[in-house]
>>> print(open('protein20.cif').read())   # mmCIF, C-alpha atoms and all ligand atoms
data_protein
#
loop_
_atom_site.label_atom_id
_atom_site.label_comp_id
_atom_site.auth_asym_id
_atom_site.auth_seq_id
_atom_site.Cartn_x
_atom_site.Cartn_y
_atom_site.Cartn_z
CA MET R 5 -39.45 -19.24 -13.08
CA LEU R 6 -35.97 -20.29 -14.11
CA TYR R 7 -35.54 -17.47 -16.62
CA GLN R 8 -35.93 -14.96 -13.80
CA GLN R 9 -33.06 -16.53 -11.89
CA ILE R 10 -30.90 -16.64 -15.02
CA ASP R 11 -31.71 -13.02 -15.87
CA MET R 12 -30.80 -11.95 -12.36
CA GLU R 13 -27.46 -13.73 -12.53
CA LEU R 14 -26.77 -12.18 -15.93
CA ALA R 15 -27.61 -8.74 -14.58
CA GLU R 16 -25.25 -9.24 -11.64
CA ARG R 17 -22.48 -10.38 -13.97
CA GLU R 18 -23.03 -7.37 -16.23
CA ALA R 19 -22.97 -4.99 -13.27
CA TRP R 20 -19.67 -6.56 -12.14
CA ALA R 21 -18.05 -6.44 -15.57
CA TRP R 22 -19.23 -2.93 -16.41
CA ARG R 23 -18.41 -1.32 -13.06
CA ARG R 24 -15.94 1.17 -14.49
CA GLN R 25 -18.12 2.03 -17.48
CA LYS R 26 -21.06 2.61 -15.13
CA GLY R 27 -18.98 4.66 -12.69
CA ILE R 28 -19.44 2.14 -9.87
CA CYS R 29 -16.60 2.17 -7.34
CA CYS R 30 -15.20 -0.81 -5.45
CA ASN R 31 -17.57 -1.90 -2.64
CA ARG R 32 -15.72 -0.18 0.21
CA ARG R 33 -14.59 2.83 -1.86
CA LEU R 34 -11.13 1.91 -0.64
CA PHE R 35 -7.60 2.04 -2.03
CA VAL R 36 -5.03 -0.11 -0.22
CA LEU R 37 -1.27 0.36 -0.50
CA ALA R 38 0.49 -2.74 0.85
CA CYS R 39 3.83 -4.49 0.74
CA MET R 40 4.13 -7.33 -1.77
CA ASP R 41 5.36 -9.68 0.97
CA GLU R 42 3.72 -13.11 0.86
CA ARG R 43 3.27 -13.06 4.65
CA LEU R 44 0.92 -10.09 4.43
CA PRO R 45 -2.60 -11.34 3.63
CA VAL R 46 -4.20 -8.02 2.70
CA GLU R 47 -7.83 -9.18 2.57
CA GLN R 48 -7.52 -11.12 5.83
CA ALA R 49 -5.70 -8.29 7.59
CA LEU R 50 -8.43 -5.78 6.72
CA GLY R 51 -11.39 -8.14 6.76
CA ILE R 52 -12.26 -7.36 3.15
CA ARG R 53 -13.22 -9.50 0.16
CA LEU R 54 -12.91 -9.57 -3.61
CA GLY R 55 -14.56 -6.44 -5.00
CA ASP R 56 -14.11 -4.36 -1.84
CA ALA R 57 -10.94 -2.41 -2.68
CA HIS R 58 -8.39 -1.33 -5.24
CA ILE R 59 -5.19 -2.91 -3.99
CA PHE R 60 -1.71 -1.73 -4.93
CA ARG R 61 1.23 -3.82 -3.76
CA ASN R 62 4.91 -3.07 -4.13
CA ALA R 63 8.16 -3.68 -2.28
CA GLY R 64 7.62 -2.17 1.16
CA GLY R 65 4.14 -0.77 0.57
CA LEU R 66 5.75 2.60 -0.11
CA VAL R 67 4.51 5.70 -1.88
CA THR R 68 6.08 5.89 -5.34
CA ASP R 69 5.12 7.73 -8.51
CA ASP R 70 3.00 4.78 -9.63
CA VAL R 71 1.22 4.66 -6.28
CA ILE R 72 0.37 8.34 -6.71
CA ARG R 73 -0.71 7.66 -10.29
CA SER R 74 -3.03 4.84 -9.19
CA ALA R 75 -4.31 6.59 -6.05
CA MET R 76 -4.98 9.74 -8.05
CA LEU R 77 -7.04 7.84 -10.63
CA THR R 78 -9.09 5.93 -8.07
CA THR R 79 -9.77 8.93 -5.77
CA GLN R 80 -10.28 11.58 -8.45
CA PHE R 81 -12.19 9.52 -10.99
CA PHE R 82 -13.40 6.15 -9.62
CA GLY R 83 -15.12 7.30 -6.42
CA THR R 84 -12.63 6.05 -3.80
CA ARG R 85 -13.00 7.87 -0.44
CA GLU R 86 -10.46 6.09 1.77
CA ILE R 87 -6.83 4.97 1.62
CA ILE R 88 -5.20 2.45 3.95
CA VAL R 89 -1.45 1.86 4.00
CA LEU R 90 -0.28 -1.57 5.16
CA ASN R 91 3.34 -2.13 6.13
CA HIS R 92 4.64 -5.07 8.14
CA THR R 93 7.27 -6.23 10.58
CA GLU R 94 10.28 -8.17 9.27
CA CYS R 95 9.98 -6.42 5.89
CA GLY R 96 12.69 -7.22 3.36
CA MET R 97 13.09 -3.47 2.83
CA MET R 98 14.75 -3.34 6.26
CA THR R 99 17.39 -5.97 5.50
CA THR R 100 19.98 -3.86 3.68
CA THR R 101 20.80 -0.38 2.35
CA GLY R 102 20.34 1.30 -1.00
CA GLU R 103 24.09 1.72 -1.24
CA TYR R 104 24.67 -2.01 -0.82
CA LEU R 105 22.05 -2.81 -3.48
CA ALA R 106 23.50 -0.25 -5.92
CA ASN R 107 26.94 -1.84 -5.58
CA ALA R 108 25.50 -5.34 -5.88
CA LEU R 109 23.71 -4.38 -9.10
CA LYS R 110 26.88 -2.82 -10.51
CA GLU R 111 28.70 -6.07 -9.80
CA LYS R 112 26.02 -7.80 -11.85
CA GLY R 113 26.77 -5.38 -14.72
CA LEU R 114 23.78 -3.08 -14.21
CA ASP R 115 24.52 0.58 -13.54
CA PRO R 116 21.37 2.16 -12.03
CA ALA R 117 22.32 5.58 -13.41
CA ASN R 118 22.33 4.38 -17.02
CA VAL R 119 19.18 2.26 -17.21
CA PRO R 120 15.71 3.83 -17.59
CA ILE R 121 13.46 3.00 -14.63
CA ASP R 122 10.43 2.66 -16.94
CA PRO R 123 11.26 0.75 -20.15
CA ASP R 124 8.32 2.40 -21.88
CA LEU R 125 9.36 5.89 -20.77
CA PRO R 126 13.08 6.33 -21.49
CA GLU R 127 12.89 9.94 -20.24
CA LEU R 128 12.68 8.60 -16.69
CA LYS R 129 16.28 8.08 -15.59
CA LEU R 130 17.85 8.29 -12.19
CA GLU R 131 20.44 10.94 -11.42
CA LYS R 132 23.81 9.55 -10.51
CA GLU R 133 23.26 9.22 -6.75
CA ALA R 134 19.46 8.93 -6.79
CA PHE R 135 19.19 5.14 -6.66
CA GLY R 136 19.13 5.09 -2.85
CA LYS R 137 16.20 7.52 -2.77
CA TRP R 138 14.38 5.58 -5.47
CA ILE R 139 14.76 2.13 -3.90
CA LYS R 140 13.57 3.50 -0.52
CA MET R 141 15.06 0.98 1.90
CA PHE R 142 14.06 1.78 5.49
CA THR R 143 14.93 0.87 9.08
CA ASP R 144 11.79 1.53 11.17
CA VAL R 145 8.44 0.14 10.05
CA ASP R 146 6.38 2.34 12.39
CA GLU R 147 8.00 5.57 11.22
CA THR R 148 7.81 4.40 7.64
CA CYS R 149 4.09 3.67 7.92
CA GLU R 150 3.36 7.13 9.36
CA LYS R 151 5.52 8.72 6.69
CA GLN R 152 3.60 7.05 3.85
CA VAL R 153 0.34 8.38 5.30
CA GLU R 154 1.83 11.88 5.45
CA LEU R 155 3.15 11.65 1.90
CA LEU R 156 -0.30 10.70 0.63
CA ARG R 157 -2.05 13.35 2.76
CA ASN R 158 0.29 16.03 1.43
CA SER R 159 0.02 14.98 -2.19
CA PRO R 160 -1.85 17.52 -4.31
CA TRP R 161 -2.90 14.62 -6.56
CA ILE R 162 -5.24 13.24 -3.87
CA PRO R 163 -8.37 15.12 -2.70
CA ASN R 164 -8.10 16.56 0.84
CA ASP R 165 -11.27 14.87 2.10
CA VAL R 166 -10.02 11.32 1.43
CA ALA R 167 -9.50 9.47 4.76
CA ILE R 168 -5.93 8.13 4.96
CA HIS R 169 -4.65 5.78 7.69
CA GLY R 170 -1.76 3.38 8.13
CA TYR R 171 -1.36 0.08 10.00
CA VAL R 172 1.41 -2.37 10.70
CA TRP R 173 0.88 -6.10 10.19
CA GLU R 174 2.83 -8.19 12.66
CA VAL R 175 3.99 -11.24 10.73
CA GLU R 176 5.07 -12.91 13.99
CA ASN R 177 1.53 -13.12 15.35
CA MET R 178 -0.61 -12.39 12.28
CA ARG R 179 -2.21 -9.29 13.79
CA LEU R 180 -2.75 -5.70 12.75
CA ARG R 181 -1.76 -2.75 14.92
CA ARG R 182 -1.42 1.00 14.75
CA PRO R 183 2.09 2.39 14.21
CA HIS R 184 4.02 2.69 17.48
CA ILE R 185 1.27 0.93 19.49
CA ARG R 186 2.06 -2.64 20.46
CA LEU R 187 -0.52 -4.21 22.72
CA SER R 188 2.11 -6.48 24.24
CA ASP R 189 4.03 -3.44 25.52
CA ARG R 190 1.13 -2.61 27.78
CA VAL R 191 -0.23 -5.98 28.76
CA ASN R 192 0.22 -6.54 32.53
CA THR R 193 1.21 -2.93 33.16
CA ALA R 194 -0.86 -0.07 34.55
CA LYS R 195 -0.34 1.89 31.34
CA SER R 196 -3.19 0.21 29.51
CA MET R 197 -5.83 1.54 31.94
CA GLY R 198 -4.11 4.69 33.14
CA ALA R 199 -2.46 4.81 36.57
CA MET R 200 -4.75 4.08 39.52
CA GLY R 201 -2.62 6.27 41.79
ZN ZN H 1 7.64 -6.07 3.08
#
>>> encode(input="protein20.cif", output="C-alpha cells", more="lines below")
Ligand SMILES: [Zn+2]
Amino acid sequence: MLYQQIDMELAEREAWAWRRQKGICCNRRLFVLACMDERLPVEQALGIRLGDAHIFRNAGGLVTDDVIRSAMLTTQFFGTREIIVLNHTECGMMTTTGEYLANALKEKGLDPANVPIDPDLPELKLEKEAFGKWIKMFTDVDETCEKQVELLRNSPWIPNDVAIHGYVWEVENMRLRRPHIRLSDRVNTAKSMGAMG
C-alpha cells in the first residue's frame, strides 16, 4: 500500500529532524576536529557520510575554547564516544608567524589587544602579548596533530573513556596517514618488514 511507504518516509524524516530531542547521536558517535582548508575533504578522508559525525572546522584544525565547548557538549550530552583530529600538509597555519600577523593587523588599523575576540562576549579580550598564543600558528604538522590529541585527552571537559586519535591528510597525494609515519619513507627499504639480518 502506498500509505505505508509514505508513513515510513515520514517516520524516517521525523527521526532525522528530532534526533537531538530524542537523544539520538550522530551515526558514528563521532566528533571530528579538522582544518577549514578546502583541500581537506573530511568525509572522503574518513570514509564517512552525512549524519555520521559532528564536524568542527577551523583554521588549522586546532583545539580552541570553542572546540572544547563543542566537544564537551557532544561527548557529555549527545552520546559521542570518539574524537578524530584531522590536520594536513601544506597548511596555511605554517606559512607565517603570529608576530607577523599581529603587525600586519596593526598596519590595517586593528590592534589585537583592544578588540574583543568574541563580539557577543566583550569580557573576552587578549592580553597585550597573547595574540600569538591565540592565533596558534605552527611549524610541524605531525607534532601539532599529536599535540591536539593530547590537549583533548587532558581536558577535564571531555570524559576519559572517549577514544581520541589524530591523522594527517596529505594534500599532495590525497591520502591519510598517522602523524610521523609516511609510507613513502619506508617503501623499498627493509624498515617496512623489519631487518632480515
Ligand atoms: Zn590547514
>>> closest_residue(input="protein20.cif", among="R:Gly64, R:Pro45, R:Gly170, R:Gly51", to="ligand ZN 1 (chain H)", atoms="all atoms listed in the file")
R:Gly64
>>> atom_distance(input="protein20.cif", atom1="CA of Leu90 in chain R", atom2="CA of Lys26 in chain R")
29.3 Å
>>> closest_atom_pairs(input="protein20.cif", of="chain R", to="ligand ZN 1 (chain H)", cutoff="6 Å", atoms="all atoms listed in the file", output="Markdown table")
| residue | atom | partner | partner_atom | distance |
| --- | --- | --- | --- | --- |
| R:Cys39 | CA | H:ZN1 | ZN | 4.7 |
| R:Asp41 | CA | H:ZN1 | ZN | 4.8 |
| R:Ala63 | CA | H:ZN1 | ZN | 5.9 |
| R:Gly64 | CA | H:ZN1 | ZN | 4.3 |
| R:His92 | CA | H:ZN1 | ZN | 6.0 |
| R:Cys95 | CA | H:ZN1 | ZN | 3.7 |
| R:Gly96 | CA | H:ZN1 | ZN | 5.2 |
>>> closest_residue(input="protein20.cif", among="R:Glu86, R:Glu13, R:Glu94, R:Asp124", to="Arg43 in chain R", atoms="all atoms listed in the file")
R:Glu94
>>> atom_distance(input="protein20.cif", atom1="CA of Asp56 in chain R", atom2="CA of Phe35 in chain R")
9.1 Å
>>> residues_near_point(input="protein20.cif", point="(6.4, -14.7, 12.8)", cutoff="10 Å", atoms="all atoms listed in the file", output="PyMOL selection string")
chain R and resi 43+93-94+174-178
>>> axis_aligned_box(input="protein20.cif", around="range 27-35 of chain R", padding_each_side="5 Å", output="lines of an AutoDock Vina configuration file")
center_x = -13.5
center_y = 1.4
center_z = -6.2
size_x = 21.8
size_y = 16.6
size_z = 22.9
>>> residues_around(input="protein20.cif", residues="range 66-70 of chain R", least_positions_apart="3", cutoff="9 Å", atoms="all atoms listed in the file", output="PDB file with C-alpha atoms, keeping the file's coordinate frame")
ATOM      1  CA  LEU R  37      -1.270   0.360  -0.500  1.00  0.00           C
ATOM      2  CA  ALA R  38       0.490  -2.740   0.850  1.00  0.00           C
ATOM      3  CA  CYS R  39       3.830  -4.490   0.740  1.00  0.00           C
ATOM      4  CA  ARG R  61       1.230  -3.820  -3.760  1.00  0.00           C
ATOM      5  CA  ASN R  62       4.910  -3.070  -4.130  1.00  0.00           C
ATOM      6  CA  ALA R  63       8.160  -3.680  -2.280  1.00  0.00           C
ATOM      7  CA  ARG R  73      -0.710   7.660 -10.290  1.00  0.00           C
ATOM      8  CA  SER R  74      -3.030   4.840  -9.190  1.00  0.00           C
ATOM      9  CA  ALA R  75      -4.310   6.590  -6.050  1.00  0.00           C
ATOM     10  CA  VAL R  89      -1.450   1.860   4.000  1.00  0.00           C
ATOM     11  CA  ASN R  91       3.340  -2.130   6.130  1.00  0.00           C
ATOM     12  CA  TRP R 138      14.380   5.580  -5.470  1.00  0.00           C
ATOM     13  CA  LYS R 140      13.570   3.500  -0.520  1.00  0.00           C
ATOM     14  CA  THR R 148       7.810   4.400   7.640  1.00  0.00           C
ATOM     15  CA  CYS R 149       4.090   3.670   7.920  1.00  0.00           C
ATOM     16  CA  GLN R 152       3.600   7.050   3.850  1.00  0.00           C
ATOM     17  CA  VAL R 153       0.340   8.380   5.300  1.00  0.00           C
ATOM     18  CA  LEU R 155       3.150  11.650   1.900  1.00  0.00           C
ATOM     19  CA  LEU R 156      -0.300  10.700   0.630  1.00  0.00           C
TER      20      LEU R 156
END
>>> closest_residue(input="protein20.cif", among="R:Met5, R:Cys30, R:Ile162, R:Ile88", to="Glu150 in chain R", atoms="all atoms listed in the file")
R:Ile88
>>> residues_around(input="protein20.cif", residues="Thr99 in chain R", least_positions_apart="5", cutoff="10 Å", atoms="only C-alpha atoms", output="ChimeraX atom specification")
/R:94,141-143
>>> closest_residue(input="protein20.cif", among="R:Val71, R:Ile121, R:Ile28, R:Val145", to="Pro183 in chain R", atoms="all atoms listed in the file")
R:Val145
>>> atom_distance(input="protein20.cif", atom1="CA of Gly55 in chain R", atom2="CA of Asp165 in chain R")
22.7 Å
>>> residues_around(input="protein20.cif", residues="Thr78 in chain R", least_positions_apart="5", cutoff="8 Å", atoms="all atoms listed in the file", output="list in words")
Phe35, His58, Gly83 and Thr84 of chain R
>>> decode(input="protein20.cif", residues="range 27-42 of chain R", atoms="N, CA and C atoms", output="PDB file, in the first residue's frame")
ATOM      1  N   GLY R  27      17.444  12.354  21.796  1.00  0.00           N
ATOM      2  CA  GLY R  27      18.693  11.866  22.372  1.00  0.00           C
ATOM      3  C   GLY R  27      19.423  10.895  21.473  1.00  0.00           C
ATOM      4  N   ILE R  28      19.196  10.985  20.155  1.00  0.00           N
ATOM      5  CA  ILE R  28      19.911  10.119  19.208  1.00  0.00           C
ATOM      6  C   ILE R  28      21.187  10.828  18.773  1.00  0.00           C
ATOM      7  N   CYS R  29      22.318  10.120  18.869  1.00  0.00           N
ATOM      8  CA  CYS R  29      23.602  10.710  18.488  1.00  0.00           C
ATOM      9  C   CYS R  29      23.785  10.639  16.967  1.00  0.00           C
ATOM     10  N   CYS R  30      24.882  11.238  16.487  1.00  0.00           N
ATOM     11  CA  CYS R  30      25.238  11.042  15.079  1.00  0.00           C
ATOM     12  C   CYS R  30      25.571   9.555  14.868  1.00  0.00           C
ATOM     13  N   ASN R  31      25.462   9.080  13.622  1.00  0.00           N
ATOM     14  CA  ASN R  31      25.538   7.635  13.345  1.00  0.00           C
ATOM     15  C   ASN R  31      26.782   6.966  13.911  1.00  0.00           C
ATOM     16  N   ARG R  32      27.940   7.645  13.770  1.00  0.00           N
ATOM     17  CA  ARG R  32      29.198   7.012  14.207  1.00  0.00           C
ATOM     18  C   ARG R  32      29.605   7.442  15.603  1.00  0.00           C
ATOM     19  N   ARG R  33      28.750   8.208  16.273  1.00  0.00           N
ATOM     20  CA  ARG R  33      29.065   8.727  17.618  1.00  0.00           C
ATOM     21  C   ARG R  33      30.454   9.373  17.622  1.00  0.00           C
ATOM     22  N   LEU R  34      30.650  10.237  16.625  1.00  0.00           N
ATOM     23  CA  LEU R  34      31.983  10.749  16.316  1.00  0.00           C
ATOM     24  C   LEU R  34      31.988  12.272  16.233  1.00  0.00           C
ATOM     25  N   PHE R  35      33.007  12.869  16.848  1.00  0.00           N
ATOM     26  CA  PHE R  35      33.258  14.305  16.710  1.00  0.00           C
ATOM     27  C   PHE R  35      34.576  14.464  15.956  1.00  0.00           C
ATOM     28  N   VAL R  36      34.554  15.254  14.888  1.00  0.00           N
ATOM     29  CA  VAL R  36      35.763  15.461  14.091  1.00  0.00           C
ATOM     30  C   VAL R  36      36.197  16.914  14.222  1.00  0.00           C
ATOM     31  N   LEU R  37      37.472  17.105  14.543  1.00  0.00           N
ATOM     32  CA  LEU R  37      38.071  18.444  14.507  1.00  0.00           C
ATOM     33  C   LEU R  37      39.002  18.485  13.301  1.00  0.00           C
ATOM     34  N   ALA R  38      38.727  19.378  12.360  1.00  0.00           N
ATOM     35  CA  ALA R  38      39.510  19.408  11.119  1.00  0.00           C
ATOM     36  C   ALA R  38      39.814  20.830  10.705  1.00  0.00           C
ATOM     37  N   CYS R  39      40.886  20.984   9.925  1.00  0.00           N
ATOM     38  CA  CYS R  39      41.191  22.295   9.362  1.00  0.00           C
ATOM     39  C   CYS R  39      40.119  22.699   8.361  1.00  0.00           C
ATOM     40  N   MET R  40      39.941  24.009   8.205  1.00  0.00           N
ATOM     41  CA  MET R  40      38.922  24.516   7.284  1.00  0.00           C
ATOM     42  C   MET R  40      39.377  24.444   5.824  1.00  0.00           C
ATOM     43  N   ASP R  41      40.624  24.066   5.593  1.00  0.00           N
ATOM     44  CA  ASP R  41      41.211  24.101   4.254  1.00  0.00           C
ATOM     45  C   ASP R  41      40.353  23.358   3.225  1.00  0.00           C
ATOM     46  N   GLU R  42      40.187  24.006   2.064  1.00  0.00           N
ATOM     47  CA  GLU R  42      39.324  23.428   1.021  1.00  0.00           C
ATOM     48  C   GLU R  42      39.904  22.169   0.396  1.00  0.00           C
TER      49      GLU R  42
END
